[in-house]
Amino acid sequence: MNNLLFDFTVDKATKTVSIDREFAADLSLVWDAFTTQEILDQWWAPKPWASKTKVMNFEVGGRRFYAMVSPEGHEMWSIQKYTSISPKTNFKMLNAFADAAENPQLPGSEWDLNFSEQNGKTKVSISIYNESLERMEKMIEMGFKEGFTMTLNSLDELFASLSQH
C-alpha cells in the first residue's frame with residue numbers, strides 16, 4: 001500500500017467522526033469524484049455493494065437520493081441534502097437513511113468535507129456530526145469505519161485505473 005494518509009477518529013464527547021484521507025490524484029479529479037453522479041456511482045459503496053443514484057442535483061438546496069445495492073439486489077436508500085458549496089474547497093450536506101419513497105429516517109448526520117492539494121496529493125478531511133450519540137454509536141457498530149474504508153479504497157482503485165489510460 002502507498003503511504004497516503006488515512007486517519008479515522010471517533011469522538012463521542014462531540015458526537016463527531018473525523019476522517020482524513022489522501023488520494024494520489026489532483027484536486028479537480030477528487031472534487032469531481034465526490035460531486036458527480038457518474039463518478040460517485042462507480043465507488044460510493046463498499047464492495048461487493050454498488051451505488052445507484054436516482055436523483056442528483058449538486059447545488060445548495062439540491063440533493064442526492066441513492067441506494068447502495070447488494071449483489072442480491074437489496075437496496076439501502078439514503079438522502080444527501082447539500083447545504084453549502086465552495087467549489088473545489090468545501091461542501092456540506094445533511095445525510096439520512098431513507099426508504100425507497102425518499103422518506104428520511106431521522107435523525108441524520110451533518111457532513112463537512114474539505115478538499116486541499118499539496119505535492120500532487122489531494123487531502124479530503126471529512127467531519128461527520130451526529131446530533132444523536134445513539135445514532136453515531138449505531139453507525140459505528142454497523143461497521144461504518146470498515147465500510148467507508150473499503151469505499152475510499154475503491155476510489156483509490158478508480159484513480160489508479162484512470163491514470164493508466
# chains A, B, ... in the order shown; residues from 1 in each chain; ligands from 1
$ select_by_dssp --residues "stretch 55-98 of chain A" --states "strand (DSSP E)" --output "NGL selection string"
:A and (55-56 or 63-69 or 75-86 or 90-98)
$ write_last_selection --atoms "N, CA and C atoms" --output "PDB file, in the first residue's frame"
ATOM      1  N   VAL A  55     -31.542  10.417  -8.106  1.00  0.00           N
ATOM      2  CA  VAL A  55     -31.611  11.860  -8.354  1.00  0.00           C
ATOM      3  C   VAL A  55     -30.342  12.488  -7.809  1.00  0.00           C
ATOM      4  N   MET A  56     -29.720  13.384  -8.575  1.00  0.00           N
ATOM      5  CA  MET A  56     -28.616  14.146  -8.013  1.00  0.00           C
ATOM      6  C   MET A  56     -28.611  15.529  -8.615  1.00  0.00           C
ATOM      7  N   ARG A  63     -30.038  17.876  -3.861  1.00  0.00           N
ATOM      8  CA  ARG A  63     -29.909  16.629  -3.121  1.00  0.00           C
ATOM      9  C   ARG A  63     -29.402  15.497  -4.007  1.00  0.00           C
ATOM     10  N   ARG A  64     -28.940  14.464  -3.335  1.00  0.00           N
ATOM     11  CA  ARG A  64     -28.649  13.190  -3.998  1.00  0.00           C
ATOM     12  C   ARG A  64     -29.473  12.140  -3.268  1.00  0.00           C
ATOM     13  N   PHE A  65     -30.272  11.406  -4.020  1.00  0.00           N
ATOM     14  CA  PHE A  65     -31.075  10.309  -3.475  1.00  0.00           C
ATOM     15  C   PHE A  65     -30.555   9.049  -4.140  1.00  0.00           C
ATOM     16  N   TYR A  66     -30.001   8.145  -3.333  1.00  0.00           N
ATOM     17  CA  TYR A  66     -29.328   6.993  -3.921  1.00  0.00           C
ATOM     18  C   TYR A  66     -29.496   5.756  -3.044  1.00  0.00           C
ATOM     19  N   ALA A  67     -29.178   4.630  -3.622  1.00  0.00           N
ATOM     20  CA  ALA A  67     -29.206   3.371  -2.883  1.00  0.00           C
ATOM     21  C   ALA A  67     -27.857   2.687  -3.000  1.00  0.00           C
ATOM     22  N   MET A  68     -27.502   1.986  -1.925  1.00  0.00           N
ATOM     23  CA  MET A  68     -26.411   1.027  -2.005  1.00  0.00           C
ATOM     24  C   MET A  68     -27.113  -0.301  -2.242  1.00  0.00           C
ATOM     25  N   VAL A  69     -26.682  -1.002  -3.287  1.00  0.00           N
ATOM     26  CA  VAL A  69     -27.377  -2.206  -3.716  1.00  0.00           C
ATOM     27  C   VAL A  69     -26.476  -3.424  -3.519  1.00  0.00           C
ATOM     28  N   GLU A  75     -31.696  -3.112  -1.457  1.00  0.00           N
ATOM     29  CA  GLU A  75     -31.380  -1.681  -1.561  1.00  0.00           C
ATOM     30  C   GLU A  75     -31.442  -1.003  -0.208  1.00  0.00           C
ATOM     31  N   MET A  76     -30.407  -0.202   0.106  1.00  0.00           N
ATOM     32  CA  MET A  76     -30.404   0.650   1.294  1.00  0.00           C
ATOM     33  C   MET A  76     -30.331   2.086   0.800  1.00  0.00           C
ATOM     34  N   TRP A  77     -31.419   2.832   0.976  1.00  0.00           N
ATOM     35  CA  TRP A  77     -31.526   4.178   0.428  1.00  0.00           C
ATOM     36  C   TRP A  77     -31.020   5.247   1.400  1.00  0.00           C
ATOM     37  N   SER A  78     -30.498   6.332   0.847  1.00  0.00           N
ATOM     38  CA  SER A  78     -30.068   7.488   1.630  1.00  0.00           C
ATOM     39  C   SER A  78     -30.361   8.762   0.851  1.00  0.00           C
ATOM     40  N   ILE A  79     -30.504   9.852   1.613  1.00  0.00           N
ATOM     41  CA  ILE A  79     -30.661  11.184   1.016  1.00  0.00           C
ATOM     42  C   ILE A  79     -29.522  12.053   1.532  1.00  0.00           C
ATOM     43  N   GLN A  80     -28.901  12.781   0.629  1.00  0.00           N
ATOM     44  CA  GLN A  80     -27.898  13.772   0.991  1.00  0.00           C
ATOM     45  C   GLN A  80     -28.426  15.117   0.500  1.00  0.00           C
ATOM     46  N   LYS A  81     -28.587  16.067   1.420  1.00  0.00           N
ATOM     47  CA  LYS A  81     -29.056  17.408   1.040  1.00  0.00           C
ATOM     48  C   LYS A  81     -27.895  18.378   1.168  1.00  0.00           C
ATOM     49  N   TYR A  82     -27.578  19.065   0.070  1.00  0.00           N
ATOM     50  CA  TYR A  82     -26.422  19.963   0.047  1.00  0.00           C
ATOM     51  C   TYR A  82     -26.795  21.314   0.656  1.00  0.00           C
ATOM     52  N   THR A  83     -26.066  21.693   1.716  1.00  0.00           N
ATOM     53  CA  THR A  83     -26.391  22.912   2.448  1.00  0.00           C
ATOM     54  C   THR A  83     -25.423  24.046   2.148  1.00  0.00           C
ATOM     55  N   SER A  84     -24.225  23.714   1.654  1.00  0.00           N
ATOM     56  CA  SER A  84     -23.216  24.737   1.402  1.00  0.00           C
ATOM     57  C   SER A  84     -22.205  24.171   0.405  1.00  0.00           C
ATOM     58  N   ILE A  85     -21.793  24.987  -0.570  1.00  0.00           N
ATOM     59  CA  ILE A  85     -20.802  24.534  -1.559  1.00  0.00           C
ATOM     60  C   ILE A  85     -19.828  25.678  -1.844  1.00  0.00           C
ATOM     61  N   SER A  86     -18.542  25.419  -1.639  1.00  0.00           N
ATOM     62  CA  SER A  86     -17.475  26.328  -2.077  1.00  0.00           C
ATOM     63  C   SER A  86     -16.634  25.522  -3.058  1.00  0.00           C
ATOM     64  N   ASN A  90     -14.799  23.029  -0.365  1.00  0.00           N
ATOM     65  CA  ASN A  90     -15.624  22.504   0.717  1.00  0.00           C
ATOM     66  C   ASN A  90     -17.067  22.337   0.257  1.00  0.00           C
ATOM     67  N   PHE A  91     -17.713  21.286   0.770  1.00  0.00           N
ATOM     68  CA  PHE A  91     -19.172  21.264   0.715  1.00  0.00           C
ATOM     69  C   PHE A  91     -19.698  20.584   1.963  1.00  0.00           C
ATOM     70  N   LYS A  92     -20.928  20.965   2.310  1.00  0.00           N
ATOM     71  CA  LYS A  92     -21.580  20.413   3.486  1.00  0.00           C
ATOM     72  C   LYS A  92     -22.897  19.797   3.055  1.00  0.00           C
ATOM     73  N   MET A  93     -23.260  18.720   3.758  1.00  0.00           N
ATOM     74  CA  MET A  93     -24.536  18.082   3.430  1.00  0.00           C
ATOM     75  C   MET A  93     -25.126  17.441   4.677  1.00  0.00           C
ATOM     76  N   LEU A  94     -26.439  17.324   4.650  1.00  0.00           N
ATOM     77  CA  LEU A  94     -27.151  16.552   5.652  1.00  0.00           C
ATOM     78  C   LEU A  94     -27.363  15.182   5.036  1.00  0.00           C
ATOM     79  N   ASN A  95     -27.078  14.142   5.802  1.00  0.00           N
ATOM     80  CA  ASN A  95     -27.164  12.785   5.286  1.00  0.00           C
ATOM     81  C   ASN A  95     -28.119  11.990   6.174  1.00  0.00           C
ATOM     82  N   ALA A  96     -29.077  11.315   5.554  1.00  0.00           N
ATOM     83  CA  ALA A  96     -30.003  10.496   6.338  1.00  0.00           C
ATOM     84  C   ALA A  96     -30.360   9.242   5.560  1.00  0.00           C
ATOM     85  N   PHE A  97     -30.529   8.146   6.292  1.00  0.00           N
ATOM     86  CA  PHE A  97     -31.063   6.941   5.667  1.00  0.00           C
ATOM     87  C   PHE A  97     -32.516   7.240   5.290  1.00  0.00           C
ATOM     88  N   ALA A  98     -33.039   6.503   4.328  1.00  0.00           N
ATOM     89  CA  ALA A  98     -34.397   6.768   3.862  1.00  0.00           C
ATOM     90  C   ALA A  98     -35.018   5.471   3.354  1.00  0.00           C
TER      91      ALA A  98
END
$ residues_around --residues "A:Ile19" --least-positions-apart "3" --cutoff "6 Å" --atoms "only C-alpha atoms" --output "VMD selection string"
chain A and resid 7 to 8 125 to 126
$ write_last_selection --atoms "C-alpha atoms" --output "short mmCIF file (atom, residue, chain, number, x, y, z; two decimals), in the first residue's frame"
data_model
loop_
_atom_site.label_atom_id
_atom_site.label_comp_id
_atom_site.auth_asym_id
_atom_site.auth_seq_id
_atom_site.Cartn_x
_atom_site.Cartn_y
_atom_site.Cartn_z
CA ASP A 7 -6.87 8.79 9.80
CA PHE A 8 -10.22 7.80 11.32
CA SER A 125 -10.99 15.95 5.52
CA ILE A 126 -14.47 14.81 6.46
#
$ select_by_dssp --residues "stretch 30-165 of chain A" --states "helix (DSSP H, G or I)" --output "PDB file with N, CA and C atoms, in the first residue's frame"
ATOM      1  N   VAL A  30     -10.479  14.705  -7.688  1.00  0.00           N
ATOM      2  CA  VAL A  30     -11.040  14.230  -6.418  1.00  0.00           C
ATOM      3  C   VAL A  30     -12.373  14.939  -6.137  1.00  0.00           C
ATOM      4  N   TRP A  31     -12.406  16.256  -6.385  1.00  0.00           N
ATOM      5  CA  TRP A  31     -13.654  17.012  -6.205  1.00  0.00           C
ATOM      6  C   TRP A  31     -14.763  16.413  -7.072  1.00  0.00           C
ATOM      7  N   ASP A  32     -14.444  16.166  -8.343  1.00  0.00           N
ATOM      8  CA  ASP A  32     -15.446  15.590  -9.252  1.00  0.00           C
ATOM      9  C   ASP A  32     -15.920  14.221  -8.770  1.00  0.00           C
ATOM     10  N   ALA A  33     -15.002  13.448  -8.198  1.00  0.00           N
ATOM     11  CA  ALA A  33     -15.363  12.099  -7.733  1.00  0.00           C
ATOM     12  C   ALA A  33     -16.396  12.154  -6.612  1.00  0.00           C
ATOM     13  N   PHE A  34     -16.376  13.235  -5.825  1.00  0.00           N
ATOM     14  CA  PHE A  34     -17.317  13.379  -4.716  1.00  0.00           C
ATOM     15  C   PHE A  34     -18.587  14.133  -5.099  1.00  0.00           C
ATOM     16  N   THR A  35     -18.588  14.779  -6.290  1.00  0.00           N
ATOM     17  CA  THR A  35     -19.708  15.676  -6.605  1.00  0.00           C
ATOM     18  C   THR A  35     -20.393  15.377  -7.938  1.00  0.00           C
ATOM     19  N   GLN A  37     -22.439  12.562 -10.231  1.00  0.00           N
ATOM     20  CA  GLN A  37     -23.204  11.313 -10.114  1.00  0.00           C
ATOM     21  C   GLN A  37     -22.523  10.141 -10.823  1.00  0.00           C
ATOM     22  N   GLU A  38     -22.061  10.362 -12.049  1.00  0.00           N
ATOM     23  CA  GLU A  38     -21.496   9.258 -12.840  1.00  0.00           C
ATOM     24  C   GLU A  38     -20.253   8.669 -12.171  1.00  0.00           C
ATOM     25  N   ILE A  39     -19.470   9.533 -11.503  1.00  0.00           N
ATOM     26  CA  ILE A  39     -18.268   9.020 -10.829  1.00  0.00           C
ATOM     27  C   ILE A  39     -18.629   8.437  -9.465  1.00  0.00           C
ATOM     28  N   LEU A  40     -19.498   9.110  -8.732  1.00  0.00           N
ATOM     29  CA  LEU A  40     -19.918   8.605  -7.416  1.00  0.00           C
ATOM     30  C   LEU A  40     -20.442   7.171  -7.522  1.00  0.00           C
ATOM     31  N   ASP A  41     -21.234   6.918  -8.541  1.00  0.00           N
ATOM     32  CA  ASP A  41     -21.819   5.586  -8.673  1.00  0.00           C
ATOM     33  C   ASP A  41     -20.784   4.509  -8.977  1.00  0.00           C
ATOM     34  N   GLN A  42     -19.558   4.905  -9.310  1.00  0.00           N
ATOM     35  CA  GLN A  42     -18.510   3.917  -9.554  1.00  0.00           C
ATOM     36  C   GLN A  42     -17.783   3.502  -8.280  1.00  0.00           C
ATOM     37  N   TRP A  43     -17.975   4.282  -7.177  1.00  0.00           N
ATOM     38  CA  TRP A  43     -17.187   3.937  -5.990  1.00  0.00           C
ATOM     39  C   TRP A  43     -17.887   4.109  -4.646  1.00  0.00           C
ATOM     40  N   LEU A 133     -26.012  10.726  19.842  1.00  0.00           N
ATOM     41  CA  LEU A 133     -24.894   9.833  20.155  1.00  0.00           C
ATOM     42  C   LEU A 133     -25.289   8.391  19.840  1.00  0.00           C
ATOM     43  N   GLU A 134     -26.549   8.063  20.117  1.00  0.00           N
ATOM     44  CA  GLU A 134     -27.069   6.723  19.860  1.00  0.00           C
ATOM     45  C   GLU A 134     -26.941   6.379  18.366  1.00  0.00           C
ATOM     46  N   ARG A 135     -27.278   7.357  17.499  1.00  0.00           N
ATOM     47  CA  ARG A 135     -27.182   7.111  16.064  1.00  0.00           C
ATOM     48  C   ARG A 135     -25.718   6.908  15.669  1.00  0.00           C
ATOM     49  N   MET A 136     -24.823   7.723  16.238  1.00  0.00           N
ATOM     50  CA  MET A 136     -23.413   7.587  15.887  1.00  0.00           C
ATOM     51  C   MET A 136     -22.891   6.224  16.315  1.00  0.00           C
ATOM     52  N   GLU A 137     -23.247   5.798  17.521  1.00  0.00           N
ATOM     53  CA  GLU A 137     -22.776   4.501  18.009  1.00  0.00           C
ATOM     54  C   GLU A 137     -23.328   3.366  17.142  1.00  0.00           C
ATOM     55  N   LYS A 138     -24.571   3.511  16.713  1.00  0.00           N
ATOM     56  CA  LYS A 138     -25.178   2.504  15.848  1.00  0.00           C
ATOM     57  C   LYS A 138     -24.449   2.452  14.496  1.00  0.00           C
ATOM     58  N   MET A 139     -24.115   3.635  13.974  1.00  0.00           N
ATOM     59  CA  MET A 139     -23.383   3.743  12.701  1.00  0.00           C
ATOM     60  C   MET A 139     -22.034   3.013  12.813  1.00  0.00           C
ATOM     61  N   ILE A 140     -21.334   3.242  13.936  1.00  0.00           N
ATOM     62  CA  ILE A 140     -20.038   2.603  14.150  1.00  0.00           C
ATOM     63  C   ILE A 140     -20.215   1.086  14.293  1.00  0.00           C
ATOM     64  N   GLU A 141     -21.225   0.673  15.058  1.00  0.00           N
ATOM     65  CA  GLU A 141     -21.492  -0.761  15.258  1.00  0.00           C
ATOM     66  C   GLU A 141     -21.845  -1.451  13.945  1.00  0.00           C
ATOM     67  N   PHE A 144     -19.392   1.148  10.036  1.00  0.00           N
ATOM     68  CA  PHE A 144     -19.159   2.314   9.187  1.00  0.00           C
ATOM     69  C   PHE A 144     -17.674   2.472   8.847  1.00  0.00           C
ATOM     70  N   LYS A 145     -16.805   2.307   9.851  1.00  0.00           N
ATOM     71  CA  LYS A 145     -15.372   2.505   9.585  1.00  0.00           C
ATOM     72  C   LYS A 145     -14.882   1.530   8.516  1.00  0.00           C
ATOM     73  N   GLU A 146     -15.215   0.251   8.689  1.00  0.00           N
ATOM     74  CA  GLU A 146     -14.771  -0.767   7.733  1.00  0.00           C
ATOM     75  C   GLU A 146     -15.375  -0.524   6.351  1.00  0.00           C
ATOM     76  N   GLY A 147     -16.673  -0.224   6.348  1.00  0.00           N
ATOM     77  CA  GLY A 147     -17.360   0.005   5.079  1.00  0.00           C
ATOM     78  C   GLY A 147     -16.838   1.230   4.355  1.00  0.00           C
ATOM     79  N   PHE A 148     -16.642   2.323   5.106  1.00  0.00           N
ATOM     80  CA  PHE A 148     -16.195   3.558   4.472  1.00  0.00           C
ATOM     81  C   PHE A 148     -14.727   3.435   4.037  1.00  0.00           C
ATOM     82  N   THR A 149     -13.935   2.676   4.800  1.00  0.00           N
ATOM     83  CA  THR A 149     -12.544   2.420   4.405  1.00  0.00           C
ATOM     84  C   THR A 149     -12.512   1.682   3.065  1.00  0.00           C
ATOM     85  N   MET A 150     -13.361   0.658   2.928  1.00  0.00           N
ATOM     86  CA  MET A 150     -13.447  -0.087   1.665  1.00  0.00           C
ATOM     87  C   MET A 150     -13.905   0.822   0.527  1.00  0.00           C
ATOM     88  N   THR A 151     -14.865   1.694   0.838  1.00  0.00           N
ATOM     89  CA  THR A 151     -15.402   2.617  -0.156  1.00  0.00           C
ATOM     90  C   THR A 151     -14.314   3.564  -0.657  1.00  0.00           C
ATOM     91  N   LEU A 152     -13.535   4.125   0.282  1.00  0.00           N
ATOM     92  CA  LEU A 152     -12.458   5.039  -0.105  1.00  0.00           C
ATOM     93  C   LEU A 152     -11.362   4.290  -0.872  1.00  0.00           C
ATOM     94  N   ASN A 153     -11.129   3.018  -0.530  1.00  0.00           N
ATOM     95  CA  ASN A 153     -10.159   2.215  -1.276  1.00  0.00           C
ATOM     96  C   ASN A 153     -10.634   2.006  -2.716  1.00  0.00           C
ATOM     97  N   SER A 154     -11.950   1.887  -2.903  1.00  0.00           N
ATOM     98  CA  SER A 154     -12.499   1.756  -4.261  1.00  0.00           C
ATOM     99  C   SER A 154     -12.203   3.013  -5.070  1.00  0.00           C
ATOM    100  N   LEU A 155     -12.232   4.169  -4.388  1.00  0.00           N
ATOM    101  CA  LEU A 155     -11.919   5.419  -5.086  1.00  0.00           C
ATOM    102  C   LEU A 155     -10.441   5.433  -5.494  1.00  0.00           C
ATOM    103  N   ASP A 156      -9.565   4.951  -4.603  1.00  0.00           N
ATOM    104  CA  ASP A 156      -8.139   4.812  -4.960  1.00  0.00           C
ATOM    105  C   ASP A 156      -7.975   3.983  -6.233  1.00  0.00           C
ATOM    106  N   GLU A 157      -8.680   2.852  -6.275  1.00  0.00           N
ATOM    107  CA  GLU A 157      -8.590   1.958  -7.434  1.00  0.00           C
ATOM    108  C   GLU A 157      -9.091   2.645  -8.693  1.00  0.00           C
ATOM    109  N   LEU A 158     -10.141   3.444  -8.550  1.00  0.00           N
ATOM    110  CA  LEU A 158     -10.679   4.178  -9.688  1.00  0.00           C
ATOM    111  C   LEU A 158      -9.648   5.183 -10.208  1.00  0.00           C
ATOM    112  N   PHE A 159      -9.020   5.929  -9.303  1.00  0.00           N
ATOM    113  CA  PHE A 159      -7.981   6.882  -9.712  1.00  0.00           C
ATOM    114  C   PHE A 159      -6.817   6.163 -10.383  1.00  0.00           C
ATOM    115  N   ALA A 160      -6.428   5.008  -9.828  1.00  0.00           N
ATOM    116  CA  ALA A 160      -5.310   4.239 -10.404  1.00  0.00           C
ATOM    117  C   ALA A 160      -5.657   3.791 -11.819  1.00  0.00           C
ATOM    118  N   SER A 161      -6.898   3.347 -12.034  1.00  0.00           N
ATOM    119  CA  SER A 161      -7.280   2.882 -13.375  1.00  0.00           C
ATOM    120  C   SER A 161      -7.337   4.054 -14.353  1.00  0.00           C
ATOM    121  N   LEU A 162      -7.734   5.236 -13.861  1.00  0.00           N
ATOM    122  CA  LEU A 162      -7.795   6.408 -14.740  1.00  0.00           C
ATOM    123  C   LEU A 162      -6.393   6.847 -15.159  1.00  0.00           C
ATOM    124  N   SER A 163      -5.435   6.744 -14.232  1.00  0.00           N
ATOM    125  CA  SER A 163      -4.076   7.210 -14.532  1.00  0.00           C
ATOM    126  C   SER A 163      -3.353   6.264 -15.482  1.00  0.00           C
TER     127      SER A 163
END
$ residues_around --residues "A:Arg21" --least-positions-apart "4" --cutoff "6 Å" --atoms "only C-alpha atoms" --output "list in words"
Leu5, Phe6, Lys123 and Val124 of chain A
$ atom_distance --atom1 "atom CA of A:Thr16" --atom2 "atom CA of A:Tyr129"
4.4 Å
$ closest_residue --among "A:Glu102, A:Gly143, A:Gln118, A:Phe23" --to "A:Lys54" --atoms "only C-alpha atoms"
A:Glu102
$ closest_residue --among "A:Ser70, A:Ser127, A:Asn57, A:Thr89" --to "A:Ser18" --atoms "only C-alpha atoms"
A:Ser127
$ atom_distance --atom1 "atom CA of A:Thr122" --atom2 "atom CA of A:Asn3"
13.0 Å
$ closest_residue --among "A:Asp26, A:Glu59, A:Asp11, A:Asp20" --to "A:Gly120" --atoms "only C-alpha atoms"
A:Asp26
$ atom_distance --atom1 "atom CA of A:Leu27" --atom2 "atom CA of A:Leu113"
13.1 Å
$ closest_residue --among "A:Val10, A:Val17, A:Ala45, A:Val60" --to "A:Pro87" --atoms "only C-alpha atoms"
A:Val60
